[in-house]
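Shown next: upload28.txt, given as compact mmCIF, C-alpha atoms.
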```txt
# COMPACT_ATOMS: atom_id res chain seq x y z
CA MET A 1 -47.79 28.93 -26.55
CA MET A 2 -44.21 28.79 -25.30
CA ASN A 3 -42.89 32.07 -23.95
CA TRP A 4 -39.55 33.35 -25.22
CA LYS A 5 -37.66 32.85 -21.93
CA ARG A 6 -38.59 29.20 -21.90
CA ILE A 7 -37.42 28.82 -25.50
CA VAL A 8 -34.05 30.38 -24.66
CA VAL A 9 -33.63 27.89 -21.84
CA LEU A 10 -34.39 25.00 -24.22
CA LEU A 11 -32.05 26.24 -26.93
CA HIS A 12 -29.02 24.82 -25.18
CA VAL A 13 -29.41 21.06 -25.02
CA ALA A 14 -27.64 19.21 -22.25
CA TYR A 15 -24.84 17.04 -23.55
CA VAL A 16 -23.81 13.51 -22.70
CA ALA A 17 -20.99 13.23 -20.20
CA GLY A 18 -17.64 12.69 -21.86
CA ALA A 19 -18.63 14.33 -25.16
CA THR A 20 -15.68 16.03 -26.75
CA GLU A 21 -17.12 17.32 -30.03
CA ASN A 22 -19.49 20.26 -30.36
CA VAL A 23 -22.42 20.49 -32.76
CA LEU A 24 -24.23 23.72 -33.63
CA VAL A 25 -27.83 23.24 -34.79
CA VAL A 26 -29.34 26.27 -36.53
CA LEU A 27 -33.15 26.18 -36.76
CA ASP A 28 -35.54 28.21 -38.85
CA LYS A 29 -38.11 28.81 -36.11
CA PRO A 30 -38.71 27.93 -32.44
CA SER A 31 -41.43 25.40 -33.28
CA MET A 32 -38.77 23.11 -34.82
CA LEU A 33 -37.61 22.30 -31.29
CA GLU A 34 -40.80 20.28 -31.05
CA THR A 35 -41.16 19.08 -34.65
CA HIS A 36 -37.53 17.82 -34.78
CA SER A 37 -36.98 16.98 -31.12
CA ILE A 38 -36.11 13.31 -31.74
CA PHE A 39 -33.35 14.28 -34.16
CA ILE A 40 -31.84 16.69 -31.62
CA GLU A 41 -32.02 13.96 -28.98
CA GLN A 42 -30.25 11.65 -31.43
CA LEU A 43 -27.29 14.03 -31.54
CA SER A 44 -26.97 14.10 -27.78
CA ALA A 45 -27.40 10.33 -27.55
CA LYS A 46 -24.46 9.91 -29.93
CA GLY A 47 -22.21 11.78 -27.51
CA PHE A 48 -22.15 15.25 -29.04
CA LYS A 49 -22.36 18.46 -27.08
CA THR A 50 -25.32 19.96 -28.90
CA THR A 51 -26.05 23.68 -29.02
CA VAL A 52 -29.32 24.76 -30.67
CA LYS A 53 -29.85 28.32 -31.85
CA LEU A 54 -32.28 30.16 -34.10
CA ALA A 55 -31.08 31.43 -37.47
CA GLU A 56 -31.67 35.04 -36.41
CA ASP A 57 -29.73 34.74 -33.15
CA PRO A 58 -27.22 37.65 -32.99
CA SER A 59 -24.70 35.45 -31.16
CA LEU A 60 -24.32 32.99 -34.05
CA ALA A 61 -20.64 32.37 -34.77
CA LEU A 62 -18.51 29.43 -35.78
CA LYS A 63 -15.21 30.92 -34.73
CA LYS A 64 -13.94 32.94 -31.80
CA TYR A 65 -10.42 34.34 -31.39
CA GLY A 66 -9.35 32.37 -34.46
CA GLU A 67 -10.51 29.02 -33.02
CA TYR A 68 -13.59 27.09 -34.08
CA LEU A 69 -16.23 26.67 -31.40
CA TYR A 70 -17.80 23.66 -33.14
CA GLN A 71 -16.60 20.67 -35.12
CA HIS A 72 -19.97 20.02 -36.79
CA LEU A 73 -22.81 22.17 -38.09
CA VAL A 74 -26.49 21.38 -38.76
CA LEU A 75 -28.38 23.88 -40.92
CA PHE A 76 -32.12 23.27 -40.62
CA SER A 77 -33.03 26.78 -41.73
CA PRO A 78 -33.85 26.60 -45.45
CA SER A 79 -36.05 29.68 -45.74
CA VAL A 80 -33.71 32.12 -43.98
CA GLU A 81 -32.27 34.87 -46.17
CA GLU A 82 -29.61 36.02 -43.72
CA PHE A 83 -28.11 34.48 -40.60
CA GLY A 84 -27.69 36.44 -37.43
CA GLY A 85 -24.31 37.22 -35.86
CA GLY A 86 -21.17 36.36 -37.81
CA LEU A 87 -22.54 33.31 -39.63
CA THR A 88 -22.55 33.74 -43.41
CA ALA A 89 -22.42 31.53 -46.48
CA GLU A 90 -18.72 32.38 -46.83
CA SER A 91 -17.99 31.40 -43.24
CA VAL A 92 -19.76 28.05 -43.72
CA VAL A 93 -17.69 27.33 -46.85
CA GLU A 94 -14.55 28.32 -44.95
CA PHE A 95 -15.62 26.00 -42.14
CA ILE A 96 -15.79 23.13 -44.64
CA ASP A 97 -12.42 24.09 -46.15
CA ASP A 98 -10.92 23.89 -42.67
CA GLY A 99 -12.26 20.37 -42.09
CA GLY A 100 -15.68 21.00 -40.52
CA ASN A 101 -18.67 18.75 -41.26
CA VAL A 102 -22.10 20.07 -42.26
CA LEU A 103 -25.59 18.54 -42.44
CA ILE A 104 -28.09 20.62 -44.43
CA GLY A 105 -31.86 20.24 -44.68
CA ALA A 106 -33.77 21.96 -47.49
CA ASP A 107 -37.39 22.16 -48.59
CA SER A 108 -39.56 23.72 -51.28
CA SER A 109 -39.09 27.20 -49.79
CA THR A 110 -35.30 27.16 -49.69
CA GLY A 111 -33.77 30.62 -50.03
CA ASP A 112 -30.69 31.84 -51.86
CA LEU A 113 -28.45 31.63 -48.78
CA ILE A 114 -28.72 27.87 -48.42
CA ARG A 115 -28.68 27.45 -52.20
CA ASP A 116 -25.34 29.26 -52.38
CA ILE A 117 -23.84 26.98 -49.74
CA VAL A 118 -25.16 23.83 -51.43
CA THR A 119 -23.90 24.97 -54.84
CA GLU A 120 -20.41 25.37 -53.40
CA VAL A 121 -20.30 21.64 -52.62
CA GLY A 122 -21.36 20.61 -56.13
CA ILE A 123 -25.12 20.07 -55.67
CA GLU A 124 -27.85 22.06 -57.39
CA LEU A 125 -31.33 22.42 -55.91
CA ASP A 126 -34.43 22.70 -58.05
CA GLU A 127 -36.41 25.95 -58.19
CA ASP A 128 -38.43 27.34 -55.32
CA GLY A 129 -41.89 25.78 -55.05
CA THR A 130 -40.99 22.51 -56.75
CA SER A 131 -41.20 19.03 -55.25
CA VAL A 132 -40.24 15.51 -56.18
CA ILE A 133 -43.30 13.77 -57.65
CA ASP A 134 -43.76 10.07 -58.18
CA HIS A 135 -47.13 8.77 -59.42
CA PHE A 136 -46.19 5.14 -58.78
CA ASN A 137 -44.37 5.31 -55.43
CA PHE A 138 -46.33 7.56 -53.09
CA ASP A 139 -47.67 7.24 -49.57
CA ARG A 140 -51.36 6.71 -48.90
CA LYS A 141 -51.36 9.84 -46.71
CA ASP A 142 -50.42 11.99 -49.71
CA GLY A 143 -52.70 14.96 -50.36
CA GLY A 144 -53.22 14.23 -54.05
CA HIS A 145 -50.10 15.67 -55.69
CA HIS A 146 -48.11 12.47 -55.14
CA SER A 147 -45.32 14.54 -53.58
CA LEU A 148 -45.18 12.47 -50.38
CA ILE A 149 -43.15 9.70 -51.93
CA LEU A 150 -41.79 6.38 -50.73
CA ALA A 151 -38.14 5.74 -51.51
CA GLU A 152 -37.04 2.13 -51.46
CA PRO A 153 -33.83 1.06 -49.65
CA GLU A 154 -32.61 -0.31 -53.01
CA ASN A 155 -32.16 3.31 -54.16
CA LEU A 156 -29.56 4.00 -51.46
CA VAL A 157 -25.84 4.11 -52.14
CA LYS A 158 -24.19 0.71 -51.71
CA SER A 159 -22.18 1.51 -48.60
CA GLU A 160 -23.10 0.30 -45.12
CA ARG A 161 -20.73 2.81 -43.56
CA ILE A 162 -22.88 5.65 -44.94
CA VAL A 163 -26.44 4.33 -44.78
CA GLY A 164 -26.29 1.29 -42.51
CA LYS A 165 -28.71 -1.54 -43.31
CA PRO A 166 -32.17 0.01 -43.72
CA LYS A 167 -34.93 -2.36 -44.78
CA SER A 168 -38.05 -0.18 -44.59
CA PRO A 169 -39.29 2.37 -47.17
CA LEU A 170 -38.33 5.98 -46.57
CA LEU A 171 -40.75 8.90 -46.45
CA TYR A 172 -39.65 11.92 -48.49
CA ARG A 173 -41.30 15.25 -49.22
CA GLY A 174 -39.13 18.00 -50.64
CA LEU A 175 -36.91 19.27 -53.43
CA GLY A 176 -35.18 17.33 -56.14
CA MET A 177 -31.47 17.85 -56.67
CA VAL A 178 -28.79 17.04 -59.21
CA GLY A 179 -25.07 16.64 -58.67
CA ASP A 180 -22.36 18.34 -60.67
CA PRO A 181 -21.11 15.66 -63.10
CA ALA A 182 -17.72 17.38 -63.24
CA ASN A 183 -17.25 17.05 -59.47
CA PRO A 184 -15.93 13.57 -58.59
CA LEU A 185 -16.34 14.24 -54.86
CA VAL A 186 -20.16 14.39 -54.98
CA LEU A 187 -22.09 11.18 -54.30
CA THR A 188 -25.78 10.36 -54.51
CA ILE A 189 -26.81 8.83 -51.20
CA LEU A 190 -30.52 8.42 -52.01
CA ARG A 191 -31.88 8.68 -55.55
CA GLY A 192 -35.41 8.73 -56.91
CA SER A 193 -37.05 5.83 -58.70
CA SER A 194 -37.27 5.64 -62.48
CA SER A 195 -40.78 7.17 -62.34
CA ALA A 196 -39.84 10.21 -60.21
CA TYR A 197 -39.37 13.76 -61.44
CA SER A 198 -39.07 17.24 -59.98
CA HIS A 199 -41.60 19.93 -60.80
CA ASN A 200 -44.10 22.33 -59.27
CA PRO A 201 -47.15 20.16 -58.43
CA GLU A 202 -49.48 23.12 -58.98
CA GLU A 203 -48.35 23.79 -62.57
CA MET A 204 -48.57 21.95 -65.85
CA ILE A 205 -45.34 20.60 -67.28
CA LYS A 206 -44.27 22.73 -70.23
CA ASP A 207 -40.48 22.40 -70.01
CA TYR A 208 -38.28 19.42 -69.33
CA PRO A 209 -38.05 18.94 -65.54
CA HIS A 210 -34.87 19.79 -63.67
CA ALA A 211 -34.39 16.18 -62.53
CA VAL A 212 -35.98 13.06 -63.98
CA GLY A 213 -35.93 9.39 -63.03
CA ARG A 214 -32.90 7.94 -61.31
CA ASN A 215 -30.97 11.14 -61.97
CA THR A 216 -33.12 12.75 -59.26
CA MET A 217 -31.02 13.14 -56.14
CA LEU A 218 -33.02 13.10 -52.91
CA ILE A 219 -30.11 13.05 -50.48
CA GLY A 220 -26.59 13.89 -51.61
CA GLY A 221 -23.20 14.04 -50.01
CA MET A 222 -19.69 15.25 -50.55
CA GLN A 223 -16.41 14.29 -48.95
CA ALA A 224 -13.78 16.92 -49.65
CA ARG A 225 -10.12 16.17 -50.21
CA ASN A 226 -9.44 17.28 -46.64
CA ASN A 227 -12.01 14.63 -45.50
CA ALA A 228 -14.61 17.24 -44.52
CA ARG A 229 -18.08 15.79 -45.07
CA VAL A 230 -21.30 17.44 -46.17
CA VAL A 231 -24.75 15.81 -46.39
CA VAL A 232 -27.61 17.63 -48.12
CA SER A 233 -31.22 16.46 -47.88
CA GLY A 234 -33.81 18.04 -50.13
CA SER A 235 -36.40 17.22 -47.47
CA LEU A 236 -36.28 18.87 -44.07
CA ASP A 237 -39.31 16.78 -43.11
CA PHE A 238 -37.16 13.67 -43.57
CA PHE A 239 -35.67 14.39 -40.10
CA SER A 240 -38.95 15.38 -38.45
CA ASP A 241 -40.68 13.58 -35.61
CA GLU A 242 -43.69 13.07 -37.89
CA PHE A 243 -41.69 11.11 -40.47
CA TYR A 244 -39.72 9.27 -37.79
CA GLN A 245 -42.88 7.96 -36.17
CA SER A 246 -45.06 7.55 -39.27
CA SER A 247 -45.68 4.33 -41.08
CA ALA A 248 -44.99 3.89 -44.77
CA GLU A 249 -48.35 3.05 -46.35
CA ARG A 250 -48.32 2.11 -50.00
CA PRO A 251 -51.84 2.01 -51.52
CA GLY A 252 -53.13 -1.55 -51.47
CA ALA A 253 -50.33 -2.82 -49.24
CA ALA A 254 -49.82 -3.28 -45.52
CA SER A 255 -48.21 -0.40 -43.62
CA VAL A 256 -44.71 -0.73 -42.15
CA ALA A 257 -42.67 1.57 -39.95
CA SER A 258 -40.64 4.07 -41.98
CA GLY A 259 -36.87 3.75 -42.07
CA ASN A 260 -36.24 7.48 -41.70
CA GLN A 261 -34.96 7.40 -38.13
CA GLU A 262 -32.60 4.51 -38.81
CA LEU A 263 -31.19 6.13 -41.96
CA ALA A 264 -30.90 9.54 -40.30
CA ALA A 265 -28.86 8.01 -37.47
CA SER A 266 -26.50 6.41 -40.00
CA LEU A 267 -26.17 9.67 -41.97
CA VAL A 268 -25.35 11.64 -38.83
CA ALA A 269 -22.76 9.07 -37.76
CA TRP A 270 -21.10 9.17 -41.19
CA CYS A 271 -21.32 12.93 -41.70
CA PHE A 272 -19.91 13.67 -38.24
CA LYS A 273 -17.17 11.03 -38.60
CA GLN A 274 -18.29 8.41 -36.15
CA THR A 275 -18.12 5.81 -38.91
CA GLY A 276 -16.05 5.42 -42.04
CA VAL A 277 -12.91 6.93 -40.52
CA ILE A 278 -9.49 5.34 -41.01
CA LYS A 279 -6.01 6.58 -40.17
CA ILE A 280 -2.37 5.56 -40.55
CA ASP A 281 -0.89 4.75 -37.14
CA SER A 282 2.69 4.08 -38.20
CA LEU A 283 4.79 3.63 -41.33
CA ASP A 284 8.21 2.12 -41.90
CA HIS A 285 10.47 0.79 -44.62
CA LYS A 286 13.63 -1.25 -44.37
CA ARG A 287 15.84 -3.85 -45.99
CA PRO A 288 14.61 -7.38 -45.21
CA GLY A 289 16.25 -8.71 -42.07
CA GLU A 290 17.35 -5.28 -40.84
CA MET A 291 15.93 -3.02 -38.15
CA GLY A 292 15.14 0.61 -38.84
CA ALA A 293 14.89 2.61 -42.03
CA PRO A 294 18.11 3.18 -43.98
CA ASN A 295 19.23 6.61 -45.14
CA TYR A 296 19.20 5.43 -48.74
CA TYR A 297 18.78 2.36 -50.92
CA THR A 298 21.05 1.04 -53.63
CA ILE A 299 19.70 -0.05 -56.99
CA ARG A 300 18.45 -3.63 -57.20
CA GLU A 301 18.19 -4.01 -53.41
CA ASP A 302 15.22 -5.72 -51.78
CA CYS A 303 12.89 -3.43 -49.83
CA GLU A 304 10.05 -4.00 -47.36
CA PHE A 305 7.43 -1.26 -46.91
CA SER A 306 4.80 -1.51 -44.14
CA LEU A 307 2.13 0.61 -42.49
CA ASP A 308 -0.45 0.11 -39.74
CA VAL A 309 -4.00 1.31 -40.44
CA SER A 310 -6.86 1.60 -37.93
CA GLU A 311 -10.60 2.16 -38.35
CA LEU A 312 -12.96 3.88 -35.92
CA VAL A 313 -15.71 1.41 -34.99
CA ASN A 314 -18.21 2.13 -32.19
CA GLY A 315 -15.92 4.78 -30.74
CA LYS A 316 -12.83 2.53 -30.66
CA TRP A 317 -9.89 2.18 -33.02
CA VAL A 318 -9.61 -1.35 -34.38
CA PRO A 319 -7.29 -2.84 -37.04
CA PHE A 320 -8.49 -2.01 -40.54
CA SER A 321 -9.00 -4.81 -43.02
CA ALA A 322 -8.94 -4.46 -46.83
CA ASP A 323 -7.60 -6.30 -49.83
CA ASP A 324 -7.25 -3.37 -52.24
CA LEU A 325 -4.70 -1.11 -50.52
CA GLN A 326 -1.66 -0.54 -52.71
CA MET A 327 1.60 1.42 -52.58
CA GLU A 328 3.70 3.05 -55.26
CA PHE A 329 7.42 3.71 -55.57
CA ILE A 330 7.58 6.90 -57.59
CA ARG A 331 10.16 9.02 -59.32
CA ILE A 332 7.99 11.36 -61.37
CA ASP A 333 6.18 8.22 -62.61
CA PRO A 334 5.57 5.01 -60.67
CA PHE A 335 8.34 2.45 -61.11
CA VAL A 336 6.62 0.04 -58.73
CA ARG A 337 2.89 -0.32 -58.04
CA GLN A 338 2.01 -3.21 -55.79
CA LYS A 339 -0.94 -4.47 -53.73
CA MET A 340 -0.16 -4.69 -50.03
CA VAL A 341 -0.81 -7.82 -48.00
CA SER A 342 -2.95 -7.30 -44.87
CA SER A 343 -2.45 -9.00 -41.52
CA ASN A 344 -4.41 -7.68 -38.52
CA GLY A 345 -4.24 -4.07 -39.67
CA ARG A 346 -0.61 -4.21 -40.83
CA PHE A 347 -0.13 -3.86 -44.58
CA THR A 348 3.16 -4.98 -46.13
CA ALA A 349 4.68 -4.87 -49.61
CA ARG A 350 8.03 -6.40 -50.63
CA PHE A 351 9.71 -5.45 -53.89
CA ARG A 352 13.09 -4.92 -55.54
CA VAL A 353 14.32 -1.37 -55.97
CA PRO A 354 14.46 -0.57 -59.71
CA ASP A 355 17.75 -0.33 -61.57
CA VAL A 356 17.41 3.46 -61.73
CA TYR A 357 18.92 5.87 -59.24
CA GLY A 358 17.48 9.21 -58.11
CA VAL A 359 15.06 10.62 -55.53
CA PHE A 360 12.04 8.36 -55.04
CA LYS A 361 8.92 8.44 -52.86
CA PHE A 362 6.90 5.74 -51.13
CA VAL A 363 3.32 6.84 -51.86
CA VAL A 364 0.05 5.53 -50.42
CA ASP A 365 -3.16 7.19 -51.62
CA TYR A 366 -6.26 5.24 -50.59
CA SER A 367 -9.73 6.60 -51.33
CA ARG A 368 -12.83 4.42 -51.15
CA LEU A 369 -16.57 5.08 -50.93
CA GLY A 370 -17.63 5.80 -47.36
CA LEU A 371 -14.10 5.99 -45.97
CA THR A 372 -11.90 8.94 -45.22
CA ARG A 373 -8.99 9.30 -47.58
CA ILE A 374 -5.54 8.38 -46.32
CA SER A 375 -2.50 9.74 -48.09
CA SER A 376 1.17 9.38 -47.27
CA SER A 377 4.39 10.29 -49.07
CA THR A 378 7.87 9.34 -47.78
CA GLN A 379 10.96 10.47 -49.67
CA ILE A 380 14.08 8.33 -50.04
CA SER A 381 17.10 8.42 -52.33
CA VAL A 382 18.32 5.52 -54.45
CA HIS A 383 22.08 5.41 -55.11
CA PRO A 384 24.00 3.69 -57.91
CA LEU A 385 26.43 0.90 -57.08
CA GLN A 386 29.69 1.94 -55.47
CA HIS A 387 32.90 1.15 -57.31
CA ASN A 388 33.59 -1.87 -55.12
CA GLN A 389 30.07 -3.27 -55.56
CA TYR A 390 30.31 -4.03 -59.25
CA GLU A 391 31.01 -7.60 -60.41
CA ARG A 392 34.66 -8.28 -61.20
CA PHE A 393 33.85 -10.34 -64.24
CA ILE A 394 30.62 -10.25 -66.15
CA TYR A 395 29.59 -13.51 -67.82
CA SER A 396 28.07 -11.77 -70.80
CA ALA A 397 31.38 -9.99 -71.44
CA TYR A 398 33.46 -13.18 -71.73
CA PRO A 399 33.65 -12.94 -75.56
CA TYR A 400 35.06 -9.43 -75.19
CA TYR A 401 37.53 -10.62 -72.58
CA ALA A 402 38.60 -13.46 -74.92
CA SER A 403 39.01 -11.10 -77.86
CA ALA A 404 41.11 -8.72 -75.78
CA PHE A 405 43.40 -11.45 -74.47
CA SER A 406 43.66 -13.03 -77.90
CA MET A 407 44.69 -9.70 -79.36
CA MET A 408 47.28 -9.27 -76.63
CA ALA A 409 48.59 -12.77 -77.30
CA GLY A 410 48.70 -12.11 -81.01
CA VAL A 411 50.65 -8.88 -80.57
CA PHE A 412 53.07 -10.62 -78.22
CA ILE A 413 53.67 -13.46 -80.67
CA PHE A 414 54.05 -11.05 -83.54
CA SER A 415 56.52 -8.98 -81.55
CA MET A 416 58.59 -12.01 -80.64
CA VAL A 417 58.66 -13.21 -84.20
CA PHE A 418 59.48 -9.76 -85.51
CA LEU A 419 62.31 -9.18 -83.01
CA HIS A 420 63.93 -12.57 -83.32
CA LEU A 421 63.58 -13.08 -87.03
CA LYS A 422 66.87 -12.37 -88.76
CA GLU A 423 67.26 -12.44 -92.48
CA GLU A 424 70.36 -14.11 -93.91
CA THR A 425 72.96 -11.63 -95.20
CA LYS A 426 73.94 -12.02 -98.82
CA ASN A 427 77.57 -12.20 -99.96
CA LYS A 428 78.73 -9.16 -101.90
CA ASN A 429 80.27 -11.34 -104.55
CA GLU A 430 76.89 -12.77 -105.19
```
Let's see the structure in the file written out as structure tokens.
Amino acid sequence: MMNWKRIVVLLHVAYVAGATENVLVVLDKPSMLETHSIFIEQLSAKGFKTTVKLAEDPSLALKKYGEYLYQHLVLFSPSVEEFGGGLTAESVVEFIDDGGNVLIGADSSTGDLIRDIVTEVGIELDEDGTSVIDHFNFDRKDGGHHSLILAEPENLVKSERIVGKPKSPLLYRGLGMVGDPANPLVLTILRGSSSAYSHNPEEMIKDYPHAVGRNTMLIGGMQARNNARVVVSGSLDFFSDEFYQSSAERPGAASVASGNQELAASLVAWCFKQTGVIKIDSLDHKRPGEMGAPNYYTIREDCEFSLDVSELVNGKWVPFSADDLQMEFIRIDPFVRQKMVSSNGRFTARFRVPDVYGVFKFVVDYSRLGLTRISSSTQISVHPLQHNQYERFIYSAYPYYASAFSMMAGVFIFSMVFLHLKEETKNKNE
């Protein structure tokens, strides 16, 4: 058995040279260093400076002197009732609110501490002692309860940035979850099959299960409005060496290597923002043919709005490509909403300023599955025409001009006739 001094030495994992982001891994017990060693090696292989500590470690802390020590957090301590040091459920939620990313592993013995954290992100775990059961999709190594299930890649969310391209069945043994339907930020990454349900395998079913069929969430996620990401797996074993190296054996079918390791690598990359990250590099607006942004626009002028967007791919920023990015020209309500044309990462929209003056904003708000949200708002004023910019004569007013001049001519003729008309004087004798 490992002595404690040796464990302490192993708790700090050497990091890859050049790593700039820190990951704190909190484990339930020392034996998880061996049962989840491949996962920890995955973190280091991806370039993270990985620090591993036990849940009861008195030095646990996310922040020191007002600065965060880590950018990412892994909580593989489902059964713990209280963290050591200064780590609490409130501090984890605050970490997420400040932009930190969290990966959480749960199991059938998950305590209230982890449940409270998961509930804060819009996911509800089933009761203690329950498991996801599937009598039609289970592994041959199952003990008889059909709780060691096989999840097909078809049940994954349709986003390569989140889950990659897994082709093998996935081994899963753990809790069922449901997402808050009122929370639009929650997404189901891996769902159960139509024959799955969540219940205690040792008890008879008397009440309707917590999660049934395709509503059963096996792995869930959340991307907050500040782009912080959280991934919650109801199975801590999903990331274990056993499941990484096991084969998926459906009864009566040939065994194939499980896709757990491949999916876990994709989930870590997405959760810790190595994939699915876009940013606005630059933004400008101008009148066509001019250089530089004007201080204001005049109504009915032509305007050209452009921005450069990059995506993080394999550690490098490359031009982002999309055909559904749009901009809006807003004054309380949008007066212009237009799709932008992409060319090597530069998105451009050309439009005519509306015939309404006031304070407007160029607004870009782009949110798509698997990508970080980009949002931009640029204020600009729109002026009415100056007195010397109006047309001298308006074609539609020609009838009014004609009526005015005809009236003037009529008055002039009447005046001339009235002034020069002299009645003949009558003789008094008559």
Subject >> Shell of 6 Å around stretch 58-64 of chain A, all atoms listed in the file, local chain residues under 4 positions omitted, as a VMD selection string >> reply: chain A and resid 68 to 69 84 to 87
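In terms of minimum interatomic distance to A:Glu127, A:Ala211 ranks closest within A:Ile40, A:Ala265, A:Val23, A:Ala211, counting all atoms listed in the file.
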**OP:** Could you check how far atom CA of A:Val353 sits from atom CA of A:Asn388, in Å to one decimal?
**Re:** 19.3 Å
Original post:
Mind pulling up the distance from atom CA of A:Ser159 to atom CA of A:Thr275?
Top reply: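 Distance between the two atoms: 11.4 Å.
Each of A:Ser79, A:Asn344, A:Ser109, A:Gln42 was compared to A:Ser240 using all atoms listed in the file, and A:Gln42 turns out to be the nearest.
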